[in-house]
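> A single structure is presented below for examination.
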Amino acid sequence: MDIKNYRDDWQRSRRDSARAIIRMGDDKLALVYATKLGYYKFPGGGIHQDEDKSAALIREVQEEVGLVVIPQSIKEYGVVHRFQKSGKIADTVFVQDSFYYTCDVESDKIINQNLDDYEDKAGFELRIVSIKEALDANLKYRDDDDFNIVMITRDTRVFAMLLGVPVEPSRCMAEYLLSEGVAKNPGPWREHSLAVARAAEKIALAVNKNCGTERLNPEHAYIYGLLHDIGRQEGYSYIAHVYDGYHFLMSLGYENAARICLTHSFNLKTTEDYIGKIDITDQQMEEIKKLLASVEYDDYDRLIQLLDSTCGADGTQNLEKRMGDVKARYGYYPQPKWDKNFELKEYFEHLAGQDLYDIIRE
Ligand SMILES: [Fe+2]
């Protein structure tokens, strides 16, 4: 998990950790629940200097939840590499490898917790819960602290892996990524992304209401809208923002959101009609073409394509006007691409049973 919100020449502060995946029956885990905050995490924590990883695992599990790990049961599961700007020390990158282990605990032994200040304030408690419940709680969880957001996102991703479901960013994580991206490359793309996100959520709600079923997940629609242009964090760019955004979100495990970065500029599924400079290598272009060919567009792709062409950074919320602005800026707008956007507008108006502008301006 590389948040890329630091400079490569900054110093590094490293603190590795060991974390326990303790299964309790088929679909349940023994987890730490932060009762005062509302998130779940795997028991575990920092490895002391000269401490063995397994010893750290056993110690941390005892301290955080009072369970006794059976040493012979410890098996390696995987490692998460984490890089982010340090919240504590200026011009420093926080680097952490979290080593995850599956293990069993002694069933009849619970000893006293021994919490540090932060853990005590958060109200750490042992909870035996289903993985789904933990995943859902974390996806709803909000925090202002950068360190917590990324820490919780890390364990959320492991919950999703254990369940075998796609990993989605939480709303909080998506907003954090956008704010960090805009801090790196300030520009009107922040307002544009927010406008697309809000409109996408409203349309998803309107579609569901009209169809009488949850056809689109409004939360996902918002998040995909918010992150569709995240590639712009790398600087002023054209088609490169599609490529960069896709790879950034893939590196965080967000396959669905990454796909939207890739597809949002190509409503006809071709790169031939791209409006703007081709500022990527031939090889990168080939990669985009191959990826596009392998994707089956769904309603989220279509929705963000439509809204990307409807919502301007200046508050514009009109398809014809925004496409007209783009045409004036670049000197052209391919007719089939233009027509396709009106087809998408009709498509969603049909699904929602309402005028597009009435929905998004409400
Ligand atoms: Fe874009």
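The way I read the labels, and the way they are meant: chains A, B, ... in the order of the structure tokens, residue 1 as the first residue of every chain, and ligand 1 as the first ligand shown, with later ones counted on from there.
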Neighbouring residues of ligand 1 are defined here as those with any atom at most 10 Å from a ligand atom, counting only C-alpha atoms and all ligand atoms; list them as a list in words.

Trp189, His192, Ser193, Leu227, His228, Asp229, Ile230, Gly231, Arg232, Ser237, Tyr238, Ile239, Ala240, His241, Val242, Gly245, Ile260, Cys261, Leu262, Thr263, His264, Ser265, Phe266, Ile304, Gln305, Asp308 and Ser309 of chain A

> With a cut-off of 10 Å, could you pull out the residues of stretch 152-216 of chain A touching stretch 280-302 of chain A and give me the nearest pair of atoms for each, distance in Å to one decimal, using only C-alpha atoms, ordered by chain and ascending number, as a Markdown table?


```
| residue | atom | partner | partner_atom | distance |
| --- | --- | --- | --- | --- |
| A:Ala200 | CA | A:Tyr300 | CA | 8.8 |
| A:Ala204 | CA | A:Tyr300 | CA | 9.3 |
| A:Arg215 | CA | A:Asp299 | CA | 9.1 |
| A:Leu216 | CA | A:Asp299 | CA | 7.7 |
```

> With N, CA, C and O atoms retained, write the just-selected residues as an mmCIF file, in the first residue's frame.


```
data_model
loop_
_atom_site.group_PDB
_atom_site.id
_atom_site.type_symbol
_atom_site.label_atom_id
_atom_site.label_comp_id
_atom_site.auth_asym_id
_atom_site.auth_seq_id
_atom_site.Cartn_x
_atom_site.Cartn_y
_atom_site.Cartn_z
ATOM 1 N N ALA A 200 -23.161 11.065 -9.265
ATOM 2 C CA ALA A 200 -23.235 9.607 -9.451
ATOM 3 C C ALA A 200 -24.054 8.975 -8.326
ATOM 4 O O ALA A 200 -24.885 8.088 -8.558
ATOM 5 N N ALA A 204 -27.583 6.999 -8.816
ATOM 6 C CA ALA A 204 -27.725 5.615 -8.342
ATOM 7 C C ALA A 204 -28.975 5.491 -7.456
ATOM 8 O O ALA A 204 -29.757 4.542 -7.594
ATOM 9 N N ARG A 215 -30.132 -1.670 -7.903
ATOM 10 C CA ARG A 215 -29.445 -1.946 -9.161
ATOM 11 C C ARG A 215 -28.022 -1.403 -9.139
ATOM 12 O O ARG A 215 -27.103 -1.978 -9.702
ATOM 13 N N LEU A 216 -27.847 -0.242 -8.503
ATOM 14 C CA LEU A 216 -26.509 0.369 -8.377
ATOM 15 C C LEU A 216 -26.244 0.660 -6.902
ATOM 16 O O LEU A 216 -27.143 1.104 -6.185
#
```

> From the set A:Leu226, A:Ala18, A:Val167, A:Ala30, which residue has the shortest atom-to-atom contact distance to A:Gln96, counting only C-alpha atoms?

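Nearest candidate to A:Gln96 out of A:Leu226, A:Ala18, A:Val167, A:Ala30: A:Ala18.
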
> Sort by chain and increasing residue number a table of all residues of stretch 208-267 of chain A within 7 Å of stretch 182-188 of chain A, each with its closest pair of atoms and their distance in Å to one decimal, counting only C-alpha atoms, and write it as CSV.


```
residue,atom,partner,partner_atom,distance
A:Gln233,CA,A:Asn185,CA,5.1
A:Glu234,CA,A:Asn185,CA,6.8
A:Gly235,CA,A:Asn185,CA,5.6
```

> Can you pull out every residue from stretch 54-198 of chain A that DSSP, working from the backbone, puts in helix (DSSP H, G or I), and format the result as a ChimeraX atom specification?

/A:54-65,71-73,117-122,131-140,146-163,171-184,189-198

> List as a list in words the protein and nucleic acid residues near A:Asp16, meaning an atom at most 6 Å away when only C-alpha atoms are counted, but skip any in the same chain fewer than 6 places from it.

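The contact residues come out as Gly46, Ile47, Gln96, Asp97 and Ser98 of chain A.
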
> Residues within 10 Å of A:Ile110, please, as number ranges by chain. Count only C-alpha atoms; anything in the same chain fewer than 5 positions from it doesn't count.

A: 62, 65-68, 105

> For the selection you just gave me, I'd like the residues written to a file as a compact mmCIF listing (two decimals), in the first residue's frame, keeping all heavy atoms.


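As written to disk, result26.txt reads:
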```txt
# COMPACT_ATOMS: atom_id res chain seq x y z
N GLN A 62 -1.51 -11.20 23.26
CA GLN A 62 -1.81 -11.21 24.70
C GLN A 62 -2.15 -9.80 25.18
O GLN A 62 -3.14 -9.60 25.87
CB GLN A 62 -0.60 -11.72 25.48
CG GLN A 62 -0.45 -13.22 25.40
CD GLN A 62 0.53 -13.78 26.43
OE1 GLN A 62 1.11 -13.04 27.21
NE2 GLN A 62 0.70 -15.08 26.40
N VAL A 65 -5.69 -8.47 23.25
CA VAL A 65 -6.98 -9.14 23.47
C VAL A 65 -6.94 -10.20 24.56
O VAL A 65 -7.95 -10.84 24.85
CB VAL A 65 -7.54 -9.77 22.15
CG1 VAL A 65 -7.99 -8.69 21.20
CG2 VAL A 65 -6.53 -10.68 21.49
N GLY A 66 -5.78 -10.42 25.16
CA GLY A 66 -5.68 -11.37 26.27
C GLY A 66 -5.77 -12.83 25.86
O GLY A 66 -6.07 -13.69 26.69
N LEU A 67 -5.50 -13.13 24.58
CA LEU A 67 -5.53 -14.53 24.13
C LEU A 67 -4.11 -15.09 24.08
O LEU A 67 -3.15 -14.35 23.84
CB LEU A 67 -6.17 -14.64 22.74
CG LEU A 67 -7.66 -14.33 22.66
CD1 LEU A 67 -8.13 -14.33 21.20
CD2 LEU A 67 -8.49 -15.34 23.46
N VAL A 68 -4.01 -16.40 24.28
CA VAL A 68 -2.70 -17.04 24.32
C VAL A 68 -2.49 -17.84 23.03
O VAL A 68 -3.17 -18.84 22.78
CB VAL A 68 -2.59 -17.98 25.55
CG1 VAL A 68 -1.20 -18.62 25.60
CG2 VAL A 68 -2.87 -17.19 26.82
N VAL A 105 -5.38 -20.26 19.17
CA VAL A 105 -5.15 -19.80 20.55
C VAL A 105 -5.66 -20.85 21.53
O VAL A 105 -6.50 -21.69 21.17
CB VAL A 105 -5.85 -18.45 20.82
CG1 VAL A 105 -5.19 -17.34 20.02
CG2 VAL A 105 -7.34 -18.53 20.50
```

> Select, from A:Gln354, A:Thr92, A:Ser17, A:Thr271, the residue with the minimum atom-to-atom distance to A:Cys211, counting only C-alpha atoms.

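Of the candidates, the smallest distance to A:Cys211 is held by A:Gln354.
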
> Between A:Tyr176, A:Tyr77, A:Tyr222, A:Trp10, which residue has the minimum interatomic distance to A:Ala197, considering only C-alpha atoms?

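Checking each of A:Tyr176, A:Tyr77, A:Tyr222, A:Trp10 against A:Ala197, counting only C-alpha atoms, the winner is A:Tyr222.
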
> In Å, how far is it from atom CA of A:Ala221 to atom CA of A:Lys327?

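These atoms are spaced 27.0 Å apart.
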
> With distances taken over only C-alpha atoms, which residue among A:Leu31, A:Ile3, A:Ala20, A:Leu351 lies nearest A:Leu249?

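Among the listed residues, A:Ile3 lies closest to A:Leu249.
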
> Work out how far apart atom CA of A:Lys41 and atom CA of A:Lys75 are and give it in Å to one decimal.

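If I compute the distance from atom CA of A:Lys41 to atom CA of A:Lys75, I get 18.8 Å.
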